[in-house]
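Student: Dumping the structure here so I can ask a few things about it.
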Amino acid sequence: MTIAIDTISLVQPDPAAVAHADRVIVGLGLPADGIAVDDPASGEHIGRVADLDVDDALLAVERADAAGSMWARTTPRQRADVLHAWYDLLVEHTEDLAHLIAREMGKPLAEARGEVKYGSDFVRWYAEEAVRPAGGFRDAPDGGANILTRRAPVGLAVLITPWNFPLAMATRKIAPALAAGCAAVVKPATATPLTTLFAVELARRAGVPEDLVQVVTTSSSSKFSEAVLRDPRVRKVSFTGSTEVGRTLMRLASDTVLRSSMELGGNAPFLVFDDADLDRAIDGALAAKLRNGGQSCIAANRFYVQDGIADAFADGLAARMREVTVGAGLGTGTGLGALIDRRAVDQMQALTEDAVARGAELRTGGERLGTSGNFFAPTVLDRVPADAEVATTEIFGPIAAIQRFRTEGEAIARANATEFGLAGYVFSESLDRAFNVADRLETGILGINQGVPSNAAAPFGGVKQSGLGREGSAEGLEEYQSVRFYNIARRETSAAR
Ligand code: NAD
């Protein structure tokens, strides 16, 4: 299969890199150097991108910064029009993008199409949001002044994205940055740079000025962040990835007091109460667990199921997991694709073995599949002891680890016993209970009888060590704006003093 992506080179900052990226044509001849991109289902090299160094990254900063000063002076309507045009092109290229995502990241094509929809929705949302009133007006309480608030673009933004949603994690940052009037330097994950490069190329075709969004593909991510985040031209960092890397970036960002948004790791609890609708809970569990092969920050990580419904839930979930077809993202009927790399498969194996050794019951799966490719069977572990590794770490794979509980209070306490607080799920047919429990869960995102809570209109983000800031919705735009106020003296009131 060949996806011809002919001009994605334009976003690379240096001429040598351009030459490399010119040949990022999936399925065709590849240059010998640079970062190889592999299909996790087959191990086949599907592309190669330039491996840029610190000088390239600083050049990208320089160019984006220069373009940014013009962009900041465009009108909201101009920015909205460009974003609308970008949205149209993303939609038009849904199949190209979906194939690219499925090949470089491994998810099933149907899910990849879903990501294109989700990812382009951010662009449409911020096209619409760009023209909403951004300021306010208020009176000082003593009547001595009027206060006018305005929102200015925060400035050049560095956007660092993970491999699990190569389109959506990029558009969720780039679109609000552009809507606010900011330039951007994007660093995609080395495993999945092709989708981001192509999406940014589409942005340029839509009218985003040539240098405004730079994509820096590099295997030297720490050197990149050390140089770029200390550059005084950079005024914002937005990162999506692991909590560990997020901490490092926050330390770096403190040197220049950078505005920071951090979308970090999760450890989502999934609570099923006796009064839940069983079918709905199982549907929700499948979606929250298997979407993206479980490689999602909001993936259900710890299933807490009440005693009265636990056997039926575990049986039902195991039965549904057994029916899932595992295979290459582009394969027919694939429900679960390859994991991102061999290390992830080894990790699934180790987590399963550790849980079973500690007394968990393996209901289904628990083994790698096939001789090539990074496949692991959909797995259900029941009666998982609380000290098993699978019950405490972010799994990032297709293992559902069920623990049982008796009382609501116990479930909430166990769900909250983690440093993470990104997403949580509650399944109960009692509105009263669902809301009460949701209120007491320490997470930024709640799925209530719902396994897929994400939406461009929702303020996505975590509490505790899952991060800072929000993406999507109006709140996501504010991350790229600074609030200023003008204090306007009122002559007659001042005179009366
Ligand atoms: P990761 O932290 O290893 O990498 C994320 C990105 O950061 C990649 O582009 C990587 O190259 C880059 N990076 C790594 N070290 C860096 C450094 N020192 N300086 C600059 N960049 C650096 O995460 P990952 O394995 O790609 O993604 C999985 C993690 O991301 C999981 O923990 C998951 O929960 C989290 N995640 C969070 C969200 C969210 O919205 N909260 C969304 C998706 C993924």
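Please note that chains go A, B, ... in the order of the structure tokens, that every chain numbers its residues from 1, and that ligands are numbered from 1 in the order shown.
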List the spatial neighbours of range 486-488 of chain A as a tab-separated table (two decimals) with N, CA and C atoms, in the first residue's frame - criterion: any atom at most 6 Å away, only C-alpha atoms, same-chain residues fewer than 2 positions off excluded.

Tutor:
```tsv
chain	number	residue	atom	x	y	z
A	145	ALA	N	-13.24	53.81	38.80
A	145	ALA	CA	-12.60	53.40	37.54
A	145	ALA	C	-13.47	52.40	36.82
A	146	ASN	N	-13.20	52.29	35.54
A	146	ASN	CA	-13.73	51.17	34.76
A	146	ASN	C	-12.57	50.27	34.42
A	147	ILE	N	-12.85	49.00	34.42
A	147	ILE	CA	-11.77	48.05	34.14
A	147	ILE	C	-12.13	47.27	32.89
A	148	LEU	N	-11.24	47.38	31.92
A	148	LEU	CA	-11.43	46.71	30.64
A	148	LEU	C	-10.43	45.55	30.59
```

Student: Considering only C-alpha atoms, return as a list in words whatever protein or nucleic-acid residues lie within 8 Å of Val91 in chain A, sequence-local ones (same chain, fewer than 2 positions apart) excluded.

Tutor: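 Listing them by chain and then by number gives Tyr87, Asp88, Leu89, His93, Thr94, Val116, Lys117 and Ser120 of chain A.
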
Student: Name the residues in contact with Leu369 in chain A at a cut-off of 12 Å, using only C-alpha atoms, excluding same-chain residues fewer than 3 positions from it; report them as a list in words.

Tutor: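 Skipping anything fewer than 3 positions along the chain leaves Ala41, Thr325, Val326, Gly327, Ala328, Leu336, Gly337, Ala338, Leu339, Arg342, Val345, Asp346, Met348, Gln349, Gly365, Gly366, Ser372, Gly373, Asn374, Phe375, Phe376, Ala377, Pro378 and Thr379 of chain A.
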
Student: Could you save the residues just selected, with C-alpha atoms, as a PDB file, in the first residue's frame?

Tutor:
```
ATOM      1  CA  ALA A  41       1.964  -4.545  13.167  1.00  0.00           C
ATOM      2  CA  THR A 325     -10.353  -9.665  16.348  1.00  0.00           C
ATOM      3  CA  VAL A 326      -6.697  -8.812  16.864  1.00  0.00           C
ATOM      4  CA  GLY A 327      -4.659  -7.801  13.831  1.00  0.00           C
ATOM      5  CA  ALA A 328      -2.994  -5.135  11.762  1.00  0.00           C
ATOM      6  CA  LEU A 336      -7.586  -4.448  18.459  1.00  0.00           C
ATOM      7  CA  GLY A 337      -4.404  -3.428  16.667  1.00  0.00           C
ATOM      8  CA  ALA A 338      -0.742  -3.805  17.508  1.00  0.00           C
ATOM      9  CA  LEU A 339       0.765  -2.176  20.567  1.00  0.00           C
ATOM     10  CA  ARG A 342       7.874  -4.780  21.662  1.00  0.00           C
ATOM     11  CA  VAL A 345       4.050  -6.303  24.769  1.00  0.00           C
ATOM     12  CA  ASP A 346       6.687  -7.419  27.280  1.00  0.00           C
ATOM     13  CA  MET A 348       1.668  -6.629  29.321  1.00  0.00           C
ATOM     14  CA  GLN A 349       3.133 -10.087  29.778  1.00  0.00           C
ATOM     15  CA  GLY A 365      -6.066 -13.571  27.187  1.00  0.00           C
ATOM     16  CA  GLY A 366      -2.814 -13.005  29.007  1.00  0.00           C
ATOM     17  CA  SER A 372       5.762 -10.968  14.315  1.00  0.00           C
ATOM     18  CA  GLY A 373       4.189  -7.654  15.234  1.00  0.00           C
ATOM     19  CA  ASN A 374       3.444  -6.316  18.680  1.00  0.00           C
ATOM     20  CA  PHE A 375       0.201  -8.098  19.488  1.00  0.00           C
ATOM     21  CA  PHE A 376      -1.185  -8.926  22.903  1.00  0.00           C
ATOM     22  CA  ALA A 377      -4.509 -10.651  23.523  1.00  0.00           C
ATOM     23  CA  PRO A 378      -7.402  -8.737  25.098  1.00  0.00           C
ATOM     24  CA  THR A 379      -7.089  -9.786  28.715  1.00  0.00           C
TER      25      THR A 379
END
```

Student: Taking 6 positions as the minimum chain separation for residues in the same chain, which residues sit within 9 Å of Val356 in chain A when counting only C-alpha atoms? Answer as a short mmCIF file (atom, residue, chain, number, x, y, z; two decimals) with C-alpha atoms, in the first residue's frame.

Tutor:
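Contents of out02.cif, as written:
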```
data_model
loop_
_atom_site.label_atom_id
_atom_site.label_comp_id
_atom_site.auth_asym_id
_atom_site.auth_seq_id
_atom_site.Cartn_x
_atom_site.Cartn_y
_atom_site.Cartn_z
CA LEU A 362 -7.01 -15.01 34.41
CA LEU A 381 -7.96 -10.51 35.18
CA VAL A 384 -6.80 -8.75 41.31
CA ALA A 388 -0.49 -6.27 42.13
#
```

Student: For range 79-188 of chain A against range 46-61 of chain A, with a cut-off of 10 Å and counting only C-alpha atoms, what is the closest atom pair and its distance in Å to one decimal for every residue that makes the cut, ordered by chain and number, as a tab-separated table?

Tutor:
```
residue	atom	partner	partner_atom	distance
A:Leu100	CA	A:Ile46	CA	9.5
A:Arg103	CA	A:Ile46	CA	7.9
A:Glu104	CA	A:Ile46	CA	7.5
A:Leu156	CA	A:Val61	CA	8.1
A:Ala157	CA	A:Val61	CA	9.3
A:Val158	CA	A:Val61	CA	8.8
A:Ala183	CA	A:Val61	CA	9.2
A:Ala184	CA	A:Val61	CA	8.2
A:Val185	CA	A:Val61	CA	6.6
A:Val186	CA	A:Ala60	CA	9.4
A:Lys187	CA	A:Ala57	CA	9.4
```

Student: Mind dumping the selected residues with N, CA, C and O atoms as a CSV table (one decimal), in the first residue's frame?

Tutor:
```csv
chain,number,residue,atom,x,y,z
A,100,LEU,N,-2.5,6.6,7.4
A,100,LEU,CA,-1.2,7.0,8.0
A,100,LEU,C,-1.2,6.7,9.5
A,100,LEU,O,-0.3,6.1,10.1
A,103,ARG,N,-1.2,3.0,10.2
A,103,ARG,CA,0.1,2.3,9.9
A,103,ARG,C,1.2,2.7,10.8
A,103,ARG,O,2.0,1.9,11.3
A,104,GLU,N,1.3,4.0,11.2
A,104,GLU,CA,2.5,4.3,12.0
A,104,GLU,C,2.2,4.1,13.5
A,104,GLU,O,3.1,3.9,14.3
A,156,LEU,N,5.0,32.7,21.4
A,156,LEU,CA,5.5,31.5,20.8
A,156,LEU,C,5.3,30.2,21.7
A,156,LEU,O,5.8,30.2,22.8
A,157,ALA,N,4.6,29.2,21.2
A,157,ALA,CA,4.3,28.0,22.0
A,157,ALA,C,5.1,26.8,21.5
A,157,ALA,O,5.1,26.6,20.3
A,158,VAL,N,5.7,26.1,22.4
A,158,VAL,CA,6.3,24.8,22.1
A,158,VAL,C,5.3,23.7,22.5
A,158,VAL,O,4.8,23.7,23.6
A,183,ALA,N,2.3,31.6,17.4
A,183,ALA,CA,3.1,30.7,16.5
A,183,ALA,C,3.4,29.5,17.3
A,183,ALA,O,3.3,29.4,18.6
A,184,ALA,N,3.8,28.4,16.6
A,184,ALA,CA,4.1,27.2,17.3
A,184,ALA,C,5.3,26.4,16.8
A,184,ALA,O,5.5,26.4,15.6
A,185,VAL,N,6.0,25.8,17.7
A,185,VAL,CA,7.0,24.8,17.3
A,185,VAL,C,6.6,23.5,17.9
A,185,VAL,O,6.4,23.3,19.1
A,186,VAL,N,6.3,22.5,17.0
A,186,VAL,CA,5.7,21.2,17.4
A,186,VAL,C,6.8,20.1,17.4
A,186,VAL,O,7.5,20.0,16.4
A,187,LYS,N,6.8,19.4,18.5
A,187,LYS,CA,7.7,18.2,18.5
A,187,LYS,C,6.9,16.9,18.6
A,187,LYS,O,6.4,16.6,19.7
```

Student: Could you pull the residues within 9 Å of Asn449 in chain A, counting only C-alpha atoms, minus those fewer than 2 positions along the same chain, as a list in words?

Tutor: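 So the residues in contact are Ala276, Asp277, Arg280, Ala281, Gly284, Tyr425, Val426, Phe427, Ser428, Glu429, Ala434, Gly447 and Gly451 of chain A.
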
Student: Export, as a compact mmCIF listing (two decimals), in the first residue's frame, the selected residues with all heavy atoms.

Tutor:
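As written to disk, part-v1.txt reads:
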```
# COMPACT_ATOMS: atom_id res chain seq x y z
N ALA A 276 -26.06 -0.93 38.32
CA ALA A 276 -25.73 -0.53 36.94
C ALA A 276 -26.50 -1.39 35.96
O ALA A 276 -26.89 -2.52 36.26
CB ALA A 276 -24.23 -0.70 36.70
N ASP A 277 -26.70 -0.85 34.76
CA ASP A 277 -27.22 -1.65 33.65
C ASP A 277 -26.03 -2.47 33.13
O ASP A 277 -25.04 -1.89 32.63
CB ASP A 277 -27.76 -0.69 32.57
CG ASP A 277 -28.24 -1.43 31.32
OD1 ASP A 277 -27.56 -2.38 30.90
OD2 ASP A 277 -29.27 -1.03 30.76
N ARG A 280 -24.82 -2.02 29.49
CA ARG A 280 -24.24 -0.70 29.31
C ARG A 280 -22.85 -0.62 29.94
O ARG A 280 -21.91 -0.04 29.38
CB ARG A 280 -25.17 0.29 30.02
CG ARG A 280 -25.32 1.61 29.35
CD ARG A 280 -26.35 2.38 30.14
NE ARG A 280 -26.47 3.72 29.65
CZ ARG A 280 -27.14 4.66 30.28
NH1 ARG A 280 -27.75 4.41 31.41
NH2 ARG A 280 -27.20 5.87 29.78
N ALA A 281 -22.72 -1.24 31.10
CA ALA A 281 -21.42 -1.21 31.79
C ALA A 281 -20.37 -1.98 30.99
O ALA A 281 -19.22 -1.55 30.88
CB ALA A 281 -21.56 -1.79 33.21
N GLY A 284 -19.45 0.03 27.95
CA GLY A 284 -18.59 1.15 28.38
C GLY A 284 -17.19 0.67 28.72
O GLY A 284 -16.19 1.31 28.39
N TYR A 425 -14.72 6.75 35.81
CA TYR A 425 -15.98 6.29 35.20
C TYR A 425 -16.88 5.75 36.30
O TYR A 425 -16.42 5.06 37.21
CB TYR A 425 -15.70 5.17 34.18
CG TYR A 425 -14.77 5.60 33.07
CD1 TYR A 425 -13.38 5.53 33.24
CD2 TYR A 425 -15.27 6.09 31.87
CE1 TYR A 425 -12.52 5.93 32.23
CE2 TYR A 425 -14.41 6.50 30.85
CZ TYR A 425 -13.03 6.41 31.04
OH TYR A 425 -12.18 6.81 30.03
N VAL A 426 -18.17 6.08 36.19
CA VAL A 426 -19.14 5.57 37.15
C VAL A 426 -20.31 4.97 36.39
O VAL A 426 -20.88 5.64 35.51
CB VAL A 426 -19.69 6.71 38.04
CG1 VAL A 426 -20.65 6.15 39.08
CG2 VAL A 426 -18.57 7.48 38.71
N PHE A 427 -20.65 3.75 36.72
CA PHE A 427 -21.81 3.10 36.10
C PHE A 427 -22.82 2.76 37.18
O PHE A 427 -22.56 1.96 38.08
CB PHE A 427 -21.40 1.85 35.30
CG PHE A 427 -20.83 2.23 33.95
CD1 PHE A 427 -19.56 2.76 33.85
CD2 PHE A 427 -21.60 2.10 32.80
CE1 PHE A 427 -19.04 3.16 32.63
CE2 PHE A 427 -21.10 2.49 31.57
CZ PHE A 427 -19.81 3.02 31.48
N SER A 428 -23.97 3.42 37.11
CA SER A 428 -25.06 3.19 38.05
C SER A 428 -26.31 3.75 37.39
O SER A 428 -26.25 4.79 36.72
CB SER A 428 -24.78 3.93 39.36
OG SER A 428 -25.98 4.02 40.12
N GLU A 429 -27.44 3.08 37.57
CA GLU A 429 -28.69 3.61 37.00
C GLU A 429 -29.33 4.62 37.95
O GLU A 429 -30.34 5.22 37.63
CB GLU A 429 -29.67 2.47 36.70
CG GLU A 429 -29.23 1.60 35.53
CD GLU A 429 -29.09 2.38 34.21
OE1 GLU A 429 -30.10 2.85 33.67
OE2 GLU A 429 -27.95 2.52 33.74
N ALA A 434 -24.86 8.17 40.97
CA ALA A 434 -23.85 8.48 39.96
C ALA A 434 -23.26 9.87 40.20
O ALA A 434 -22.04 10.05 40.17
CB ALA A 434 -24.47 8.39 38.56
N GLY A 447 -16.72 10.01 33.21
CA GLY A 447 -17.66 9.37 32.29
C GLY A 447 -18.77 8.76 33.13
O GLY A 447 -18.50 7.87 33.95
N GLY A 451 -18.31 5.36 28.28
CA GLY A 451 -16.92 4.91 28.24
C GLY A 451 -15.99 5.79 27.44
O GLY A 451 -14.77 5.61 27.47
```

Student: With only C-alpha atoms as the counted atoms, please give the residues lying no more than 10 Å from Arg235 in chain A, apart from itself and same-chain residues fewer than 5 positions off, as a CSV table (one decimal) with all heavy atoms, in the first residue's frame.

Tutor:
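This went into selection.csv:
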```
chain,number,residue,atom,x,y,z
A,153,PRO,N,-2.4,37.2,22.7
A,153,PRO,CA,-1.8,35.9,22.5
A,153,PRO,C,-0.6,35.8,23.4
A,153,PRO,O,0.2,36.7,23.6
A,153,PRO,CB,-1.3,35.9,21.0
A,153,PRO,CG,-1.6,37.3,20.5
A,153,PRO,CD,-2.4,38.0,21.5
A,154,VAL,N,-0.4,34.6,24.0
A,154,VAL,CA,0.7,34.4,25.0
A,154,VAL,C,2.1,34.5,24.3
A,154,VAL,O,3.0,34.8,25.0
A,154,VAL,CB,0.4,33.1,25.8
A,154,VAL,CG1,0.7,31.9,25.0
A,154,VAL,CG2,1.2,33.1,27.1
A,155,GLY,N,2.1,34.2,23.1
A,155,GLY,CA,3.4,34.2,22.4
A,155,GLY,C,3.8,32.8,21.8
A,155,GLY,O,3.0,31.9,21.8
A,156,LEU,N,5.0,32.7,21.4
A,156,LEU,CA,5.5,31.5,20.8
A,156,LEU,C,5.3,30.2,21.7
A,156,LEU,O,5.8,30.2,22.8
A,156,LEU,CB,6.9,31.6,20.4
A,156,LEU,CG,7.6,30.4,19.7
A,156,LEU,CD1,6.8,29.9,18.5
A,156,LEU,CD2,9.0,30.8,19.3
A,157,ALA,N,4.6,29.2,21.2
A,157,ALA,CA,4.3,28.0,22.0
A,157,ALA,C,5.1,26.8,21.5
A,157,ALA,O,5.1,26.6,20.3
A,157,ALA,CB,2.8,27.8,21.9
A,158,VAL,N,5.7,26.1,22.4
A,158,VAL,CA,6.3,24.8,22.1
A,158,VAL,C,5.3,23.7,22.5
A,158,VAL,O,4.8,23.7,23.6
A,158,VAL,CB,7.6,24.7,22.9
A,158,VAL,CG1,8.2,23.3,22.7
A,158,VAL,CG2,8.6,25.7,22.4
A,182,CYS,N,-1.0,32.8,18.2
A,182,CYS,CA,0.3,32.4,18.6
A,182,CYS,C,1.0,31.6,17.4
A,182,CYS,O,0.3,30.9,16.6
A,182,CYS,CB,0.3,31.4,19.8
A,182,CYS,SG,-0.4,32.2,21.3
A,229,LEU,N,13.2,25.4,25.5
A,229,LEU,CA,12.4,26.0,26.6
A,229,LEU,C,13.2,27.1,27.3
A,229,LEU,O,12.6,27.9,28.0
A,229,LEU,CB,12.0,24.9,27.6
A,229,LEU,CG,11.1,23.8,27.1
A,229,LEU,CD1,10.5,23.0,28.2
A,229,LEU,CD2,10.0,24.4,26.2
A,230,ARG,N,14.5,27.2,27.1
A,230,ARG,CA,15.3,28.3,27.8
A,230,ARG,C,15.4,29.5,26.8
A,230,ARG,O,15.9,30.5,27.2
A,230,ARG,CB,16.7,27.8,28.1
A,230,ARG,CG,16.7,26.8,29.2
A,230,ARG,CD,18.0,26.9,30.0
A,230,ARG,NE,17.9,26.1,31.2
A,230,ARG,CZ,18.3,24.8,31.4
A,230,ARG,NH1,18.9,24.2,30.4
A,230,ARG,NH2,18.2,24.2,32.5
A,253,ALA,N,10.9,24.6,32.7
A,253,ALA,CA,10.0,25.8,32.4
A,253,ALA,C,10.1,26.8,33.5
A,253,ALA,O,9.9,28.0,33.3
A,253,ALA,CB,8.5,25.3,32.2
A,256,THR,N,12.5,30.0,33.1
A,256,THR,CA,12.1,31.2,32.3
A,256,THR,C,10.6,31.5,32.7
A,256,THR,O,10.0,32.3,32.0
A,256,THR,CB,12.2,30.9,30.8
A,256,THR,OG1,11.7,29.7,30.5
A,256,THR,CG2,13.7,31.1,30.4
A,257,VAL,N,10.1,30.9,33.7
A,257,VAL,CA,8.7,31.1,34.2
A,257,VAL,C,7.7,31.0,33.0
A,257,VAL,O,7.0,31.9,32.7
A,257,VAL,CB,8.6,32.5,34.9
A,257,VAL,CG1,7.2,32.5,35.7
A,257,VAL,CG2,9.7,32.6,35.9
A,258,LEU,N,7.8,29.9,32.3
A,258,LEU,CA,7.0,29.7,31.1
A,258,LEU,C,5.6,29.3,31.5
A,258,LEU,O,5.4,28.5,32.4
A,258,LEU,CB,7.5,28.5,30.3
A,258,LEU,CG,8.6,28.7,29.3
A,258,LEU,CD1,8.7,27.4,28.5
A,258,LEU,CD2,8.2,29.8,28.3
A,259,ARG,N,4.6,29.9,30.8
A,259,ARG,CA,3.2,29.4,30.9
A,259,ARG,C,3.3,27.9,30.5
A,259,ARG,O,3.8,27.6,29.4
A,259,ARG,CB,2.3,30.1,29.9
A,259,ARG,CG,1.8,31.5,30.5
A,259,ARG,CD,0.7,31.3,31.4
A,259,ARG,NE,-0.6,30.8,30.8
A,259,ARG,CZ,-1.5,31.6,30.2
A,259,ARG,NH1,-1.3,32.9,30.1
A,259,ARG,NH2,-2.6,31.0,29.7
A,260,SER,N,2.7,27.0,31.3
A,260,SER,CA,2.8,25.6,31.1
A,260,SER,C,1.4,24.9,31.1
A,260,SER,O,0.6,25.2,32.0
A,260,SER,CB,3.7,25.0,32.1
A,260,SER,OG,4.9,25.6,32.2
A,480,TYR,N,-3.6,29.7,25.8
A,480,TYR,CA,-2.7,30.4,24.8
A,480,TYR,C,-3.0,32.0,24.9
A,480,TYR,O,-2.6,32.6,23.9
A,480,TYR,CB,-2.9,29.9,23.4
A,480,TYR,CG,-2.5,28.4,23.4
A,480,TYR,CD1,-3.5,27.4,23.6
A,480,TYR,CD2,-1.2,28.1,23.1
A,480,TYR,CE1,-3.1,26.1,23.6
A,480,TYR,CE2,-0.8,26.8,23.1
A,480,TYR,CZ,-1.8,25.8,23.4
A,480,TYR,OH,-1.4,24.5,23.4
```

Student: Please identify all polymer residues within 9 Å of Ala134 in chain A, counting only C-alpha atoms, omitting same-chain residues fewer than 5 positions from it, and present them as a compact mmCIF listing (two decimals) with all heavy atoms, in the first residue's frame.

Tutor:
```txt
# COMPACT_ATOMS: atom_id res chain seq x y z
N THR A 149 -10.92 44.35 30.34
CA THR A 149 -9.96 43.24 30.23
C THR A 149 -9.85 42.82 28.77
O THR A 149 -10.83 42.84 28.03
CB THR A 149 -10.38 42.01 31.07
OG1 THR A 149 -11.62 41.53 30.60
CG2 THR A 149 -10.46 42.34 32.53
N ARG A 150 -8.65 42.47 28.39
CA ARG A 150 -8.38 42.01 27.03
C ARG A 150 -7.56 40.73 27.11
O ARG A 150 -6.89 40.48 28.10
CB ARG A 150 -7.59 43.07 26.26
CG ARG A 150 -8.26 44.43 26.26
CD ARG A 150 -7.80 45.24 25.08
NE ARG A 150 -8.21 44.60 23.83
CZ ARG A 150 -7.80 45.00 22.63
NH1 ARG A 150 -6.98 46.02 22.52
NH2 ARG A 150 -8.20 44.39 21.54
N ARG A 151 -7.60 39.98 26.02
CA ARG A 151 -6.78 38.77 25.98
C ARG A 151 -5.79 38.90 24.84
O ARG A 151 -6.19 39.11 23.70
CB ARG A 151 -7.64 37.53 25.78
CG ARG A 151 -8.44 37.18 27.02
CD ARG A 151 -9.32 35.98 26.79
NE ARG A 151 -10.17 35.81 27.96
CZ ARG A 151 -9.80 35.14 29.04
NH1 ARG A 151 -8.62 34.56 29.09
NH2 ARG A 151 -10.61 35.03 30.07
N ALA A 152 -4.53 38.77 25.16
CA ALA A 152 -3.48 38.86 24.13
C ALA A 152 -2.91 37.46 23.91
O ALA A 152 -2.91 36.63 24.82
CB ALA A 152 -2.38 39.79 24.62
```

Student: Under the rule that only C-alpha atoms are counted, which of A:Leu109, A:Ala67, A:Ala417, A:Ala189 is the nearest residue to Asp211 in chain A?

Tutor: A:Ala67

Student: Name the residues of range 276-450 of chain A that fall into strand (DSSP E) according to DSSP on the backbone, using the chain letters and numbers of this document, as a count of residues only.

Tutor: 35

Student: May I have a table of the residues of range 403-472 of chain A lying at most 12 Å from range 163-176 of chain A, giving each one's closest pair of atoms and their distance in Å to one decimal, counting only C-alpha atoms, ordered by chain and ascending residue number, as JSON lines?

Tutor:
```
{"residue": "A:Ser454", "atom": "CA", "partner": "A:Ala168", "partner_atom": "CA", "distance": 11.1}
{"residue": "A:Asn455", "atom": "CA", "partner": "A:Arg172", "partner_atom": "CA", "distance": 10.6}
{"residue": "A:Ala456", "atom": "CA", "partner": "A:Arg172", "partner_atom": "CA", "distance": 8.1}
{"residue": "A:Ala457", "atom": "CA", "partner": "A:Arg172", "partner_atom": "CA", "distance": 11.0}
{"residue": "A:Ala458", "atom": "CA", "partner": "A:Arg172", "partner_atom": "CA", "distance": 11.5}
{"residue": "A:Pro459", "atom": "CA", "partner": "A:Arg172", "partner_atom": "CA", "distance": 10.9}
{"residue": "A:Phe460", "atom": "CA", "partner": "A:Arg172", "partner_atom": "CA", "distance": 9.9}
{"residue": "A:Gly461", "atom": "CA", "partner": "A:Arg172", "partner_atom": "CA", "distance": 11.8}
{"residue": "A:Gly469", "atom": "CA", "partner": "A:Lys173", "partner_atom": "CA", "distance": 11.8}
{"residue": "A:Arg470", "atom": "CA", "partner": "A:Arg172", "partner_atom": "CA", "distance": 10.2}
{"residue": "A:Glu471", "atom": "CA", "partner": "A:Arg172", "partner_atom": "CA", "distance": 6.5}
{"residue": "A:Gly472", "atom": "CA", "partner": "A:Arg172", "partner_atom": "CA", "distance": 6.4}
```

Student: Counting only C-alpha atoms and all ligand atoms, which of A:Val237, A:Leu202, A:Val82, A:Ala98 gets nearest to ligand 1?

Tutor: A:Val237
